[in-house]
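Just final_15.cif here, mmCIF, C-alpha atoms:
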data_my_file
loop_
_atom_site.label_atom_id
_atom_site.label_comp_id
_atom_site.auth_asym_id
_atom_site.auth_seq_id
_atom_site.Cartn_x
_atom_site.Cartn_y
_atom_site.Cartn_z
CA MET D 402 12.09 6.58 13.05
CA ASN D 403 10.36 9.76 14.18
CA SER D 404 10.81 11.71 10.93
CA ALA D 405 7.59 11.28 8.99
CA GLU D 406 8.95 12.66 5.71
CA ASN D 407 12.07 10.46 5.83
CA TYR D 408 9.91 7.44 6.56
CA ILE D 409 7.62 8.08 3.60
CA THR D 410 10.57 8.37 1.20
CA GLY D 411 12.28 5.27 2.59
CA ASN D 412 9.48 2.77 3.22
CA ASP D 413 9.22 1.04 -0.18
CA MET D 414 9.74 -2.39 1.38
CA GLN D 415 7.06 -1.83 4.00
CA HIS D 416 4.70 -0.45 1.38
CA ARG D 417 5.18 -3.44 -0.93
CA ASP D 418 4.81 -6.08 1.79
CA THR D 419 1.73 -4.43 3.29
CA ASN D 420 0.17 -4.22 -0.15
CA ASP D 421 0.92 -7.92 -0.69
CA LEU D 422 -0.55 -8.90 2.69
CA ILE D 423 -3.70 -6.87 2.17
CA GLY D 424 -4.10 -8.53 -1.22
CA GLU D 425 -3.71 -11.96 0.36
CA PHE D 426 -6.23 -11.20 3.12
CA LYS D 427 -8.61 -9.25 0.89
CA TYR D 428 -11.63 -11.34 1.86
CA GLU D 429 -10.92 -11.19 5.61
CA LEU D 430 -10.44 -7.42 5.45
CA SER D 431 -13.71 -7.02 3.54
CA LEU D 432 -15.48 -8.44 6.61
CA MET D 433 -13.90 -6.01 9.08
CA GLN D 434 -17.02 -4.08 10.03
CA GLY D 435 -17.07 -1.47 12.77
CA LYS D 436 -14.06 0.16 14.35
CA CYS D 437 -10.52 -0.91 13.40
CA LEU D 438 -7.26 0.04 15.14
CA ASP D 439 -4.11 0.39 13.02
CA ILE D 440 -1.22 -0.09 15.47
CA GLY D 441 2.00 1.64 14.43
CA CYS D 442 0.36 3.68 11.69
CA GLY D 443 3.37 6.00 11.35
CA PRO D 444 2.66 8.98 9.06
CA GLY D 445 -0.68 7.47 8.01
CA ASN D 446 -0.06 7.16 4.27
CA ILE D 447 -0.40 3.36 4.21
CA THR D 448 -3.40 3.55 6.55
CA LYS D 449 -5.20 5.94 4.23
CA ASP D 450 -4.04 4.75 0.81
CA ILE D 451 -3.97 0.96 1.25
CA LEU D 452 -5.84 -0.12 4.39
CA LEU D 453 -8.87 2.18 4.32
CA PRO D 454 -9.97 1.25 0.75
CA SER D 455 -9.72 -2.44 1.71
CA LEU D 456 -12.32 -2.21 4.49
CA PRO D 457 -16.11 -1.95 4.12
CA ASP D 458 -17.35 1.57 3.31
CA GLU D 459 -18.99 1.99 6.71
CA ALA D 460 -15.91 0.90 8.69
CA THR D 461 -13.81 3.45 10.59
CA ILE D 462 -10.11 3.33 11.41
CA VAL D 463 -8.17 4.79 14.31
CA GLY D 464 -4.48 5.03 13.47
CA ALA D 465 -2.28 4.73 16.56
CA ASP D 466 1.42 5.44 16.93
CA ILE D 467 3.81 6.00 19.84
CA SER D 468 5.32 9.04 18.11
CA GLN D 469 3.55 12.38 18.54
CA GLU D 470 5.38 13.68 15.45
CA MET D 471 4.02 10.83 13.34
CA VAL D 472 0.49 11.36 14.63
CA ASN D 473 0.68 15.12 14.01
CA TYR D 474 1.82 14.48 10.44
CA ALA D 475 -0.92 11.90 9.88
CA ARG D 476 -3.62 14.21 11.20
CA LYS D 477 -2.44 17.01 8.92
CA ASN D 478 -1.81 15.00 5.74
CA ASN D 479 -3.79 11.76 5.89
CA ALA D 480 -7.07 12.50 7.62
CA ASP D 481 -10.40 11.24 6.33
CA ASN D 482 -14.04 11.17 7.44
CA HIS D 483 -13.55 7.50 8.35
CA LEU D 484 -10.04 7.90 9.72
CA SER D 485 -8.58 9.50 12.86
CA TYR D 486 -5.30 9.24 14.77
CA ILE D 487 -4.20 8.90 18.39
CA VAL D 488 -0.94 8.57 20.30
CA LEU D 489 -0.77 5.12 21.88
CA ASP D 490 2.05 2.99 23.29
CA ILE D 491 1.11 -0.61 22.55
CA GLU D 492 3.56 -1.76 25.27
CA SER D 493 1.98 0.44 27.94
CA LEU D 494 1.57 -1.01 31.41
CA ASP D 495 -1.52 1.16 31.82
CA LEU D 496 -3.67 1.38 28.70
CA PRO D 497 -6.14 4.28 28.63
CA LYS D 498 -9.39 2.98 30.09
CA ASP D 499 -11.41 4.62 27.33
CA GLN D 500 -9.63 2.39 24.79
CA ILE D 501 -10.29 -0.98 26.43
CA GLU D 502 -12.54 -3.23 24.31
CA GLN D 503 -13.32 -0.40 21.91
CA TYR D 504 -12.24 -2.10 18.67
CA ASP D 505 -13.92 -4.71 16.51
CA ASN D 506 -10.67 -5.34 14.63
CA ALA D 507 -6.99 -4.43 14.80
CA VAL D 508 -4.15 -4.52 12.30
CA SER D 509 -0.43 -3.87 12.65
CA PHE D 510 2.05 -3.79 9.79
CA TYR D 511 5.81 -3.45 10.38
CA CYS D 512 5.52 -2.25 13.97
CA LEU D 513 5.65 -5.03 16.56
CA HIS D 514 9.29 -6.04 15.94
CA TRP D 515 10.28 -2.77 17.65
CA CYS D 516 8.69 -3.93 20.91
CA ILE D 517 10.95 -4.80 23.83
CA ASP D 518 8.15 -6.86 25.41
CA LEU D 519 6.26 -8.46 22.53
CA ARG D 520 4.04 -10.46 24.87
CA ARG D 521 2.79 -7.30 26.57
CA ALA D 522 2.04 -5.79 23.17
CA PHE D 523 -0.13 -8.77 22.27
CA GLU D 524 -1.75 -8.74 25.71
CA ASN D 525 -2.69 -5.12 25.09
CA ILE D 526 -4.08 -5.93 21.64
CA TYR D 527 -6.22 -8.57 23.36
CA LYS D 528 -7.48 -5.95 25.83
CA LEU D 529 -8.23 -3.40 23.11
CA LEU D 530 -10.36 -5.84 21.09
CA ARG D 531 -14.00 -6.49 21.81
CA PRO D 532 -15.05 -10.13 22.28
CA GLU D 533 -14.86 -11.95 18.92
CA GLY D 534 -12.63 -9.14 17.60
CA LYS D 535 -9.90 -10.12 15.14
CA ALA D 536 -6.35 -8.91 14.58
CA LEU D 537 -4.11 -9.20 11.52
CA VAL D 538 -0.42 -8.50 12.18
CA MET D 539 2.81 -8.61 10.21
CA PHE D 540 6.23 -7.86 11.64
CA ILE D 541 9.87 -8.72 11.11
CA ALA D 542 11.03 -11.99 12.62
CA TYR D 543 14.62 -11.75 11.36
CA HIS D 544 16.43 -9.30 9.08
CA MET D 545 20.10 -9.63 8.21
CA GLY D 546 20.51 -5.85 8.05
CA PHE D 547 19.96 -5.46 11.79
CA GLU D 548 23.14 -7.40 12.51
CA ALA D 549 25.07 -4.37 11.20
CA TYR D 550 24.12 -2.53 14.41
CA ILE D 551 25.97 -5.12 16.48
CA GLN D 552 29.03 -4.92 14.25
CA LEU D 553 29.22 -1.12 14.34
CA LYS D 554 28.84 -1.11 18.10
CA GLN D 555 32.39 -2.51 18.20
CA ASN D 556 33.69 0.69 16.58
CA PRO D 557 34.99 2.98 19.39
CA GLN D 558 33.78 6.03 17.48
CA PHE D 559 30.19 4.78 17.45
CA GLN D 560 30.09 2.77 20.66
CA PRO D 561 28.84 5.59 22.94
CA TYR D 562 25.76 5.98 20.74
CA LEU D 563 25.02 2.28 20.23
CA GLN D 564 25.18 0.95 23.79
CA ASP D 565 21.65 -0.47 23.48
CA ALA D 566 22.06 -1.71 19.89
CA HIS D 567 20.90 -5.21 20.82
CA ARG D 568 17.55 -3.82 21.97
CA TYR D 569 16.74 -2.71 18.41
CA LEU D 570 16.98 -6.14 16.87
CA PRO D 571 13.56 -7.67 16.07
CA TYR D 572 12.19 -9.47 19.13
CA PHE D 573 12.70 -13.08 18.03
CA GLN D 574 16.05 -12.28 16.44
CA ARG D 575 17.14 -10.61 19.68
CA ILE D 576 16.28 -13.59 21.87
CA GLY D 577 17.87 -16.08 19.45
CA CYS D 578 14.66 -18.03 18.85
CA LYS D 579 15.07 -21.04 16.55
CA ASP D 580 11.40 -21.73 15.75
CA MET D 581 9.85 -18.28 15.59
CA ARG D 582 6.45 -19.35 14.30
CA ALA D 583 5.97 -21.98 17.01
CA SER D 584 7.09 -19.53 19.70
CA LEU D 585 4.65 -16.89 18.46
CA GLU D 586 1.80 -19.40 18.35
CA GLU D 587 2.54 -20.50 21.91
CA MET D 588 2.56 -16.88 23.08
CA LEU D 589 -0.73 -16.07 21.33
CA ARG D 590 -2.51 -19.15 22.68
CA ASP D 591 -1.25 -18.49 26.19
CA ILE D 592 -2.69 -14.97 26.06
CA GLY D 593 -6.06 -16.39 24.99
CA PHE D 594 -6.21 -15.84 21.24
CA LYS D 595 -7.67 -18.31 18.80
CA ILE D 596 -5.15 -18.65 15.95
CA LEU D 597 -6.73 -18.45 12.51
CA HIS D 598 -3.46 -18.30 10.59
CA CYS D 599 0.24 -18.06 11.50
CA ARG D 600 3.39 -18.43 9.43
CA ASN D 601 7.00 -17.33 9.06
CA LYS D 602 7.57 -16.13 5.50
CA GLU D 603 10.92 -15.67 3.77
CA LYS D 604 11.17 -12.46 1.74
CA ASN D 605 13.80 -10.39 -0.03
CA PHE D 606 13.99 -6.82 -1.27
CA ARG D 607 16.16 -5.35 -4.00
CA TYR D 608 17.81 -1.97 -3.38
CA SER D 609 20.16 0.41 -5.09
CA LYS D 610 22.74 1.94 -2.77
CA GLN D 611 20.76 5.19 -2.69
CA SER D 612 17.43 3.53 -1.93
CA LEU D 613 19.08 1.47 0.83
CA THR D 614 20.55 4.67 2.28
CA ASN D 615 17.10 6.27 2.24
CA HIS D 616 15.61 3.22 3.93
CA VAL D 617 18.29 3.07 6.64
CA ARG D 618 17.94 6.79 7.34
CA ALA D 619 14.17 6.39 7.70
CA VAL D 620 14.13 3.51 10.19
CA ASN D 621 17.44 3.89 12.04
CA PRO D 622 16.99 4.68 15.76
CA PHE D 623 20.54 5.94 16.36
CA ILE D 624 21.13 8.74 13.88
CA LYS D 625 19.41 11.40 15.98
CA ARG D 626 21.83 10.65 18.83
CA PHE D 627 24.94 11.84 16.98
CA PRO D 628 26.01 15.38 17.87
CA ASP D 629 26.70 16.81 14.38
CA GLU D 630 25.98 16.17 10.73
CA ASP D 631 29.50 15.03 9.85
CA ILE D 632 29.61 12.08 12.24
CA LYS D 633 25.93 11.34 11.51
CA ASN D 634 26.63 11.04 7.79
CA TYR D 635 29.80 9.05 8.45
CA PHE D 636 27.84 6.59 10.59
CA LEU D 637 25.15 6.27 7.94
CA GLU D 638 27.78 5.53 5.29
CA LYS D 639 29.47 2.91 7.46
CA LEU D 640 26.15 1.32 8.32
CA VAL D 641 25.10 1.00 4.68
CA ASN D 642 28.51 -0.45 3.73
CA GLU D 643 28.30 -2.97 6.58
CA ILE D 644 24.88 -4.11 5.38
CA ILE D 645 26.18 -4.44 1.83
CA ASP D 646 29.13 -6.53 3.05
CA GLN D 647 26.78 -8.85 4.90
CA GLN D 648 24.50 -9.47 1.91
CA ASN D 649 27.09 -11.41 -0.07
CA ASP D 650 26.62 -14.58 1.97
CA ASN D 651 22.86 -14.22 2.27
CA VAL D 652 21.52 -13.55 -1.23
CA PRO D 653 18.89 -16.20 -2.07
CA LEU D 654 20.12 -18.62 -4.75
CA ASN D 655 17.09 -18.04 -6.97
CA ILE D 656 17.69 -14.29 -7.23
CA ASN D 657 19.03 -12.97 -10.54
CA LYS D 658 21.22 -10.32 -8.96
CA GLN D 659 22.48 -7.52 -11.19
CA LYS D 660 25.87 -5.82 -10.74
CA ASP D 661 24.71 -2.88 -8.63
CA ASP D 662 21.82 -4.62 -6.86
CA ILE D 663 21.72 -5.01 -3.10
CA VAL D 664 19.39 -7.89 -2.23
CA LEU D 665 18.53 -8.32 1.45
CA LYS D 666 16.84 -11.43 2.82
CA TYR D 667 14.48 -11.31 5.79
CA TYR D 668 11.60 -13.18 7.42
CA LEU D 669 8.16 -11.90 8.32
CA LEU D 670 5.81 -13.31 10.93
CA ILE D 671 2.18 -13.07 9.88
CA ALA D 672 -0.68 -13.89 12.23
CA HIS D 673 -4.46 -13.65 12.01
CA VAL D 674 -6.07 -14.19 15.40
CA GLN D 675 -9.38 -13.80 17.19
CA LYS D 676 -10.36 -12.93 20.74
CA PRO D 677 -12.98 -15.47 21.90
CA SER D 678 -16.44 -14.44 22.98
CA THR D 679 -16.91 -14.10 26.70
#

Could you write out this structure as structure tokens?
Amino acid sequence: MNSAENYITGNDMQHRDTNDLIGEFKYELSLMQGKCLDIGCGPGNITKDILLPSLPDEATIVGADISQEMVNYARKNNADNHLSYIVLDIESLDLPKDQIEQYDNAVSFYCLHWCIDLRRAFENIYKLLRPEGKALVMFIAYHMGFEAYIQLKQNPQFQPYLQDAHRYLPYFQRIGCKDMRASLEEMLRDIGFKILHCRNKEKNFRYSKQSLTNHVRAVNPFIKRFPDEDIKNYFLEKLVNEIIDQQNDNVPLNINKQKDDIVLKYYLLIAHVQKPST
């Protein structure tokens, strides 16, 4: 997840879904005046190419990511007069004081499912927003591909490197939540947000084996743990094959699947919320 170049070559799904969401919320984004925080901006290509043109001309964006490597890449390759980047852990127990209530708006696309403590992440978003500030977020609720981590953890050859595999499942998938939308709404209201929109959306994405391999390499948290290239490549091959095996029982019935297609089903949680005025 820390390799910016791998992420850019393997994030077609994220790119498509973010583009779709921004199209859906075009009007709301056009009203995002002032300073906007993009949480989990990664290498900054989506922030610059898709998000920035969707905001008013006078708006500014601060892209934030937990990875210094991602931020360095973004600063070098995706800077703009209206766009800057900072390192920020959205799960931090101690947010930088100079960031509190500094943002009129916040967005986060394909980031928050990595959080161990999702509630703390949303509490921090609440703190970062100014009164009446709004946030638009999209993150994975459930993805069948993540179950492959749990299966491969049973392999003695991989087990030492996947001891915490369960931690990398999306938050609601990890806790076994049955009604993810209702649980998210309850969490957001309890924190203090006014909910403007919230839903759990079923999606699917069509891969070739090579594009799936590129995607898995880009977002997999375990590959960097393996001691040499041979076992790293062997793990990647096994992981991709496990995901392919799992898809057979999960392909949506309305999908016209071709012979070499790999179609993965997943669910996204989308929420548009506002911090009340004080």

Neighbouring residues of segment 608-611 of chain D were defined as those with any atom within 7 Å, considering all atoms listed in the file; residues of the same chain fewer than 4 positions away were excluded. Please report them as a PDB file with C-alpha atoms, in the frame of the given file.
ATOM      1  CA  ASN D 615      17.100   6.270   2.240  1.00  0.00           C
ATOM      2  CA  ASP D 661      24.710  -2.880  -8.630  1.00  0.00           C
ATOM      3  CA  ASP D 662      21.820  -4.620  -6.860  1.00  0.00           C
ATOM      4  CA  ILE D 663      21.720  -5.010  -3.100  1.00  0.00           C
ATOM      5  CA  VAL D 664      19.390  -7.890  -2.230  1.00  0.00           C
TER       6      VAL D 664
END

| Which residues match the PyMOL selection byres ((chain D and resi 434) around 9) in the file above, as a VMD selection string? | chain D and resid 430 to 433 435 to 437 456 to 461 505 to 506

| Do you know which residues are at most 6 Å from segment 541-551 of chain D counting all atoms listed in the file, after dropping those on the same chain fewer than 6 positions away, and could you put them as a list in words? | His514, Ala566, Leu570, Phe573, Gln574, Glu643, Ile644, Tyr667, Tyr668, Leu669 and Leu670 of chain D

| request: Name the residues that the PyMOL selection byres ((chain D and resi 419) around 12) pulls out of this structure, and write them as a PyMOL selection string. | output: chain D and resi 412-418+420-427+442+446-448+450-452+455+508-512+537-540+669+671

Kindly save the residues from that selection, with C-alpha atoms included, as an mmCIF file, in the coordinates of the input.
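Resulting contents of result_29.cif:
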data_model
loop_
_atom_site.group_PDB
_atom_site.id
_atom_site.type_symbol
_atom_site.label_atom_id
_atom_site.label_comp_id
_atom_site.auth_asym_id
_atom_site.auth_seq_id
_atom_site.Cartn_x
_atom_site.Cartn_y
_atom_site.Cartn_z
ATOM 1 C CA ASN D 412 9.480 2.770 3.220
ATOM 2 C CA ASP D 413 9.220 1.040 -0.180
ATOM 3 C CA MET D 414 9.740 -2.390 1.380
ATOM 4 C CA GLN D 415 7.060 -1.830 4.000
ATOM 5 C CA HIS D 416 4.700 -0.450 1.380
ATOM 6 C CA ARG D 417 5.180 -3.440 -0.930
ATOM 7 C CA ASP D 418 4.810 -6.080 1.790
ATOM 8 C CA ASN D 420 0.170 -4.220 -0.150
ATOM 9 C CA ASP D 421 0.920 -7.920 -0.690
ATOM 10 C CA LEU D 422 -0.550 -8.900 2.690
ATOM 11 C CA ILE D 423 -3.700 -6.870 2.170
ATOM 12 C CA GLY D 424 -4.100 -8.530 -1.220
ATOM 13 C CA GLU D 425 -3.710 -11.960 0.360
ATOM 14 C CA PHE D 426 -6.230 -11.200 3.120
ATOM 15 C CA LYS D 427 -8.610 -9.250 0.890
ATOM 16 C CA CYS D 442 0.360 3.680 11.690
ATOM 17 C CA ASN D 446 -0.060 7.160 4.270
ATOM 18 C CA ILE D 447 -0.400 3.360 4.210
ATOM 19 C CA THR D 448 -3.400 3.550 6.550
ATOM 20 C CA ASP D 450 -4.040 4.750 0.810
ATOM 21 C CA ILE D 451 -3.970 0.960 1.250
ATOM 22 C CA LEU D 452 -5.840 -0.120 4.390
ATOM 23 C CA SER D 455 -9.720 -2.440 1.710
ATOM 24 C CA VAL D 508 -4.150 -4.520 12.300
ATOM 25 C CA SER D 509 -0.430 -3.870 12.650
ATOM 26 C CA PHE D 510 2.050 -3.790 9.790
ATOM 27 C CA TYR D 511 5.810 -3.450 10.380
ATOM 28 C CA CYS D 512 5.520 -2.250 13.970
ATOM 29 C CA LEU D 537 -4.110 -9.200 11.520
ATOM 30 C CA VAL D 538 -0.420 -8.500 12.180
ATOM 31 C CA MET D 539 2.810 -8.610 10.210
ATOM 32 C CA PHE D 540 6.230 -7.860 11.640
ATOM 33 C CA LEU D 669 8.160 -11.900 8.320
ATOM 34 C CA ILE D 671 2.180 -13.070 9.880
#

| task | Record the distance separating atom CA of Gln469 of chain D and atom CA of Val674 of chain D, expressed in Å with one decimal. | result | 28.4 Å

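Taken over the whole file, the PyMOL selection byres ((chain D and resi 480) around 12) covers exactly Pro444, Gly445, Asn446, Ile447, Thr448, Lys449, Asp450, Leu453, Thr461, Ile462, Val463, Gly464, Val472, Asn473, Tyr474, Ala475, Arg476, Lys477, Asn478, Asn479, Asp481, Asn482, His483, Leu484, Ser485, Tyr486 and Ile487 of chain D.
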
Store the residues of this selection in a file with C-alpha atoms, as a PDB file, in the coordinates of the input.
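For reference, selection38.pdb as written:
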ATOM      1  CA  PRO D 444       2.660   8.980   9.060  1.00  0.00           C
ATOM      2  CA  GLY D 445      -0.680   7.470   8.010  1.00  0.00           C
ATOM      3  CA  ASN D 446      -0.060   7.160   4.270  1.00  0.00           C
ATOM      4  CA  ILE D 447      -0.400   3.360   4.210  1.00  0.00           C
ATOM      5  CA  THR D 448      -3.400   3.550   6.550  1.00  0.00           C
ATOM      6  CA  LYS D 449      -5.200   5.940   4.230  1.00  0.00           C
ATOM      7  CA  ASP D 450      -4.040   4.750   0.810  1.00  0.00           C
ATOM      8  CA  LEU D 453      -8.870   2.180   4.320  1.00  0.00           C
ATOM      9  CA  THR D 461     -13.810   3.450  10.590  1.00  0.00           C
ATOM     10  CA  ILE D 462     -10.110   3.330  11.410  1.00  0.00           C
ATOM     11  CA  VAL D 463      -8.170   4.790  14.310  1.00  0.00           C
ATOM     12  CA  GLY D 464      -4.480   5.030  13.470  1.00  0.00           C
ATOM     13  CA  VAL D 472       0.490  11.360  14.630  1.00  0.00           C
ATOM     14  CA  ASN D 473       0.680  15.120  14.010  1.00  0.00           C
ATOM     15  CA  TYR D 474       1.820  14.480  10.440  1.00  0.00           C
ATOM     16  CA  ALA D 475      -0.920  11.900   9.880  1.00  0.00           C
ATOM     17  CA  ARG D 476      -3.620  14.210  11.200  1.00  0.00           C
ATOM     18  CA  LYS D 477      -2.440  17.010   8.920  1.00  0.00           C
ATOM     19  CA  ASN D 478      -1.810  15.000   5.740  1.00  0.00           C
ATOM     20  CA  ASN D 479      -3.790  11.760   5.890  1.00  0.00           C
ATOM     21  CA  ASP D 481     -10.400  11.240   6.330  1.00  0.00           C
ATOM     22  CA  ASN D 482     -14.040  11.170   7.440  1.00  0.00           C
ATOM     23  CA  HIS D 483     -13.550   7.500   8.350  1.00  0.00           C
ATOM     24  CA  LEU D 484     -10.040   7.900   9.720  1.00  0.00           C
ATOM     25  CA  SER D 485      -8.580   9.500  12.860  1.00  0.00           C
ATOM     26  CA  TYR D 486      -5.300   9.240  14.770  1.00  0.00           C
ATOM     27  CA  ILE D 487      -4.200   8.900  18.390  1.00  0.00           C
TER      28      ILE D 487
END

| query | Contacts of Arg521 of chain D at 9 Å or less, counting only C-alpha atoms, minus same-chain residues fewer than 5 places along, as a list in words? | reply | Ile491, Glu492, Ser493, Leu494, Cys516 and Ile526 of chain D

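Distance-wise, atom CA of Gln552 of chain D and atom CA of Glu638 of chain D end up 13.8 Å apart.
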
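With distances taken over all atoms listed in the file, D:Ile592 is the one residue among D:Leu640, D:Leu513, D:Leu563, D:Ile592 lying closest to Lys528 of chain D.
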
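Reported to one decimal place, the separation of atom CA of Pro561 of chain D from atom CA of Arg626 of chain D is 9.6 Å.
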
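Of the residues under consideration (D:Leu529, D:Ala522, D:Ala672, D:Val620), D:Ala672 shows the shortest atom-to-atom contact distance to His598 of chain D when counting all atoms listed in the file.
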
| For Phe594 of chain D: contacts at 12 Å, only C-alpha atoms, fewer than 2 positions along chain excluded, given as a ChimeraX atom specification | /D:523-528,530,532-537,585-592,596-599,672-678

| query | Given the choices D:Ala583, D:Val617, D:Ile517, D:Ile467, which gets closest to Asn601 of chain D if the distance is worked out from all atoms listed in the file? | reply | D:Ala583

Kindly list the centre and edge lengths in Å, rounded to one decimal, for the axis-aligned box that covers all listed atoms of segment 497-516 of chain D plus 4 Å on each of its six sides, as lines of an AutoDock Vina configuration file.
center_x = -1.8
center_y = -0.7
center_z = 19.9
size_x = 32.2
size_y = 18.7
size_z = 28.3
